[in-house]
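File shown: data.txt (compact mmCIF, C-alpha atoms).
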```
# COMPACT_ATOMS: atom_id res chain seq x y z
CA MET O 1 4.12 -1.40 -21.74
CA ALA O 2 3.11 2.07 -20.61
CA GLU O 3 5.39 3.79 -18.16
CA PHE O 4 3.62 5.70 -15.42
CA LYS O 5 5.53 8.59 -13.94
CA PHE O 6 4.61 10.69 -10.96
CA ILE O 7 2.67 13.81 -11.95
CA PRO O 8 3.85 16.82 -9.95
CA PRO O 9 1.09 18.71 -8.13
CA SER O 10 -0.61 21.55 -9.94
CA ASP O 11 -0.82 25.02 -8.40
CA GLU O 12 -4.47 24.34 -7.58
CA GLU O 13 -3.58 21.07 -5.84
CA LEU O 14 -0.86 22.83 -3.82
CA LYS O 15 -3.36 25.46 -2.67
CA THR O 16 -5.88 22.76 -1.74
CA VAL O 17 -3.21 20.82 0.18
CA SER O 18 -2.35 23.97 2.15
CA LEU O 19 -6.02 24.50 2.97
CA MET O 20 -6.38 20.86 3.99
CA GLN O 21 -3.32 21.09 6.24
CA ALA O 22 -4.77 24.22 7.89
CA GLN O 23 -8.16 22.51 8.31
CA TRP O 24 -6.38 19.49 9.81
CA LYS O 25 -4.63 21.63 12.43
CA GLU O 26 -7.80 23.63 13.18
CA LYS O 27 -9.53 20.35 14.05
CA GLY O 28 -6.83 19.81 16.67
CA HIS O 29 -5.26 16.72 15.10
CA THR O 30 -1.77 15.94 16.30
CA HIS O 31 -0.81 13.40 13.64
CA GLU O 32 1.46 15.09 11.11
CA PHE O 33 0.86 14.49 7.42
CA LYS O 34 3.54 15.54 4.96
CA ASP O 35 2.29 17.63 2.05
CA ILE O 36 2.86 14.70 -0.31
CA SER O 37 0.79 12.40 1.92
CA THR O 38 -2.02 14.95 1.98
CA LEU O 39 -1.76 15.21 -1.82
CA ARG O 40 -2.06 11.41 -2.09
CA PHE O 41 -5.30 11.45 -0.11
CA LEU O 42 -6.59 14.38 -2.20
CA ARG O 43 -5.81 12.60 -5.47
CA GLY O 44 -7.03 9.29 -4.12
CA HIS O 45 -10.41 10.92 -3.52
CA LYS O 46 -10.60 12.64 -6.89
CA GLY O 47 -9.94 16.16 -5.61
CA ASP O 48 -12.68 16.12 -2.97
CA SER O 49 -10.83 17.75 -0.06
CA ASP O 50 -13.60 17.14 2.51
CA LYS O 51 -13.68 13.44 1.66
CA ALA O 52 -9.87 13.31 1.68
CA VAL O 53 -9.69 14.86 5.17
CA SER O 54 -12.35 12.44 6.38
CA PHE O 55 -10.25 9.51 5.10
CA MET O 56 -7.12 11.01 6.66
CA GLU O 57 -8.96 10.92 10.00
CA LYS O 58 -9.98 7.31 9.38
CA HIS O 59 -6.39 6.52 8.42
CA VAL O 60 -5.08 7.88 11.74
CA GLU O 61 -7.68 5.81 13.65
CA TRP O 62 -6.72 2.74 11.60
CA ARG O 63 -3.00 3.29 12.35
CA GLN O 64 -3.81 3.36 16.07
CA GLU O 65 -6.11 0.31 15.92
CA GLU O 66 -3.53 -1.71 13.97
CA ASN O 67 -0.57 -0.34 15.98
CA VAL O 68 1.14 0.33 12.65
CA ASN O 69 4.19 1.99 14.17
CA ASP O 70 4.80 -1.00 16.45
CA ILE O 71 4.59 -3.81 13.87
CA THR O 72 7.76 -5.87 13.87
CA ILE O 73 8.85 -8.84 11.79
CA GLU O 74 8.47 -11.07 14.85
CA MET O 75 4.69 -10.50 14.67
CA PHE O 76 4.55 -12.25 11.30
CA GLN O 77 7.77 -14.28 11.43
CA LYS O 78 6.37 -17.29 9.54
CA GLU O 79 5.18 -15.01 6.71
CA TYR O 80 8.52 -13.23 6.63
CA ASP O 81 10.51 -16.47 6.63
CA SER O 82 8.45 -17.82 3.71
CA GLY O 83 10.00 -15.22 1.42
CA LYS O 84 6.65 -14.55 -0.23
CA ALA O 85 7.34 -10.82 -0.21
CA VAL O 86 10.53 -8.83 -0.56
CA ILE O 87 11.41 -5.21 -1.23
CA PHE O 88 14.24 -5.15 -3.74
CA GLY O 89 15.61 -2.49 -6.06
CA VAL O 90 13.77 0.25 -7.90
CA ASP O 91 11.84 0.50 -11.16
CA LYS O 92 12.62 2.86 -14.08
CA CYS O 93 10.97 5.71 -12.18
CA SER O 94 13.11 5.05 -9.07
CA ARG O 95 10.18 3.67 -7.07
CA PRO O 96 10.96 0.83 -4.64
CA VAL O 97 9.79 -2.53 -5.95
CA LEU O 98 7.77 -4.83 -3.71
CA TYR O 99 7.81 -8.36 -5.10
CA VAL O 100 5.11 -10.82 -4.05
CA HIS O 101 5.81 -14.47 -4.89
CA ALA O 102 2.31 -15.97 -5.00
CA ARG O 103 3.54 -19.56 -5.23
CA LYS O 104 4.90 -19.24 -1.69
CA HIS O 105 1.46 -18.43 -0.25
CA ASN O 106 -0.83 -21.21 0.94
CA MET O 107 -4.31 -20.17 2.01
CA TYR O 108 -4.56 -23.31 4.17
CA ASP O 109 -1.36 -22.56 6.07
CA ARG O 110 -1.59 -18.96 7.18
CA VAL O 111 -3.09 -16.75 9.88
CA ALA O 112 -5.05 -13.83 8.39
CA ASP O 113 -3.97 -11.37 11.08
CA GLU O 114 -0.31 -12.21 10.51
CA VAL O 115 -0.74 -11.77 6.76
CA LYS O 116 -2.39 -8.40 7.41
CA LYS O 117 0.52 -7.32 9.60
CA ALA O 118 2.93 -8.42 6.87
CA ILE O 119 1.04 -6.42 4.24
CA ILE O 120 1.09 -3.31 6.41
CA TYR O 121 4.76 -3.77 7.24
CA TYR O 122 5.82 -4.20 3.61
CA LEU O 123 3.73 -1.22 2.44
CA GLU O 124 5.11 0.98 5.23
CA GLU O 125 8.69 -0.05 4.47
CA SER O 126 8.19 0.45 0.73
CA VAL O 127 6.77 3.94 1.24
CA LYS O 128 9.67 4.81 3.55
CA LYS O 129 12.08 3.83 0.76
CA SER O 130 10.21 5.88 -1.85
CA LYS O 131 11.16 9.35 -2.97
CA HIS O 132 10.05 11.68 -0.18
CA ASP O 133 8.34 13.97 -2.69
CA GLU O 134 6.40 11.18 -4.43
CA GLU O 135 5.58 8.33 -2.01
CA GLN O 136 4.92 5.82 -4.76
CA ILE O 137 5.91 2.18 -5.12
CA CYS O 138 5.95 -0.52 -7.77
CA LEU O 139 4.24 -3.81 -6.95
CA VAL O 140 5.14 -7.01 -8.82
CA PHE O 141 3.06 -10.16 -8.42
CA ASP O 142 5.14 -13.15 -9.50
CA MET O 143 2.52 -15.72 -10.50
CA TYR O 144 4.85 -18.44 -11.78
CA TYR O 145 3.79 -21.82 -10.38
CA PHE O 146 0.57 -20.32 -9.01
CA GLY O 147 -1.85 -23.03 -7.81
CA MET O 148 -5.33 -23.14 -6.35
CA SER O 149 -3.97 -23.13 -2.78
CA CYS O 150 -2.37 -19.76 -3.58
CA MET O 151 -5.68 -18.07 -4.50
CA ASP O 152 -6.68 -16.53 -1.21
CA TYR O 153 -9.65 -14.21 -1.70
CA GLU O 154 -9.62 -13.11 1.94
CA VAL O 155 -6.02 -11.89 1.65
CA VAL O 156 -6.75 -10.20 -1.68
CA LYS O 157 -9.63 -8.31 -0.03
CA ILE O 158 -7.37 -7.31 2.88
CA LEU O 159 -4.70 -6.03 0.49
CA ILE O 160 -7.14 -4.05 -1.66
CA SER O 161 -8.87 -2.56 1.37
CA ILE O 162 -5.60 -1.48 2.97
CA LEU O 163 -4.34 0.06 -0.28
CA GLN O 164 -7.58 1.88 -1.07
CA CYS O 165 -8.31 3.27 2.37
CA ASN O 166 -4.87 3.87 3.82
CA TYR O 167 -2.39 4.16 0.97
CA PRO O 168 -4.26 6.02 -1.78
CA ASP O 169 -2.18 6.92 -4.82
CA VAL O 170 0.84 4.99 -3.48
CA LEU O 171 0.69 2.35 -6.20
CA GLY O 172 2.63 3.94 -9.03
CA GLN O 173 2.79 0.76 -11.08
CA ALA O 174 1.72 -2.85 -10.68
CA TYR O 175 2.72 -5.87 -12.73
CA ILE O 176 1.43 -9.41 -12.81
CA VAL O 177 4.01 -11.71 -14.35
CA GLY O 178 3.81 -15.37 -15.25
CA ALA O 179 0.08 -15.68 -14.61
CA PRO O 180 -1.10 -19.16 -15.62
CA PHE O 181 -4.53 -19.80 -17.12
CA ILE O 182 -5.83 -21.00 -13.74
CA PHE O 183 -5.23 -17.49 -12.35
CA SER O 184 -7.48 -15.95 -15.00
CA ALA O 185 -10.20 -18.44 -14.09
CA CYS O 186 -9.87 -17.56 -10.38
CA TRP O 187 -9.74 -13.85 -10.95
```

Full structure transcribed into structure tokens:
Amino acid sequence: MAEFKFIPPSDEELKTVSLMQAQWKEKGHTHEFKDISTLRFLRGHKGDSDKAVSFMEKHVEWRQEENVNDITIEMFQKEYDSGKAVIFGVDKCSRPVLYVHARKHNMYDRVADEVKKAIIYYLEESVKKSKHDEEQICLVFDMYYFGMSCMDYEVVKILISILQCNYPDVLGQAYIVGAPFIFSACW
């Protein structure tokens, strides 16, 4: 299994991040992005600083629309109590590990908005626990005892959309363990 380590920013990336930060302030934005967060958006958009800044603006709007800073466990208590997700330990690269136990998810017994709040909460908490100069996490999907009621395409789309648009370059490593044949057929 390949081990993916964080690649420190190049001198060119550091210069671009500084320019992006200056551009951000010139536009009058009040939301503060750490240099590492700006770097994540830059890398997540393949070095296109204009596109990265545009997505940073969309990210700030999204945070306000979703009230990200105000999400509490009580808003998705049933999801939390199910134990389908837990942040526990670190991987070999010292990234926090977010475990998702797919067998505990039932697409017929969930509220999409609560699942979305849970996803945001767990990603936010994982990033907070990450190294401040890396902001990367490890995601483990435990697929043991996965059944058809666990395959929730709507939730998968929500997760992918949130990761791509709002947490670019946060996923340092992802594992799928114990995937049964039925998962391959669904995927």

What are the closest atom pairs, with distances in Å to one decimal, for all residues of region 119-179 of chain O lying within 8 Å of region 89-94 of chain O? Consider all atoms listed in the file, order rows by chain and residue number, and present the result as a tab-separated table.
```
residue	atom	partner	partner_atom	distance
O:Ser130	CA	O:Ser94	CA	7.8
O:Lys131	CA	O:Ser94	CA	7.7
O:Cys138	CA	O:Asp91	CA	6.9
```

Within 7 Å of region 146-157 of chain O using only C-alpha atoms, minus same-chain residues under 4 positions, as number ranges by chain: O: 102-103, 105-108, 161, 180

Shell of 12 Å around Glu79 (chain O), all atoms listed in the file, local chain residues under 4 positions omitted, as a count of residues only: 27

Point (-6.3, 3.8, 3.5), cut-off 8 Å, counting all atoms listed in the file, residues as number ranges by chain: O: 55-56, 58-59, 161-168

Atom-to-atom span, CA of Arg43 (chain O) and CA of Lys128 (chain O), Å: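 Separating CA of Arg43 (chain O) from CA of Lys128 (chain O) is a distance of 19.5 Å.
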
Distance criterion (all atoms listed in the file): nearest to Val140 (chain O) out of O:Asp50, O:Glu57, O:Glu13, O:Leu98: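 Smallest separation from Val140 (chain O) among the options: O:Leu98.
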
Between CA of Tyr175 (chain O) and CA of Thr38 (chain O), distance in Å (one decimal):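 If I compute the distance from CA of Tyr175 (chain O) to CA of Thr38 (chain O), I get 25.9 Å.
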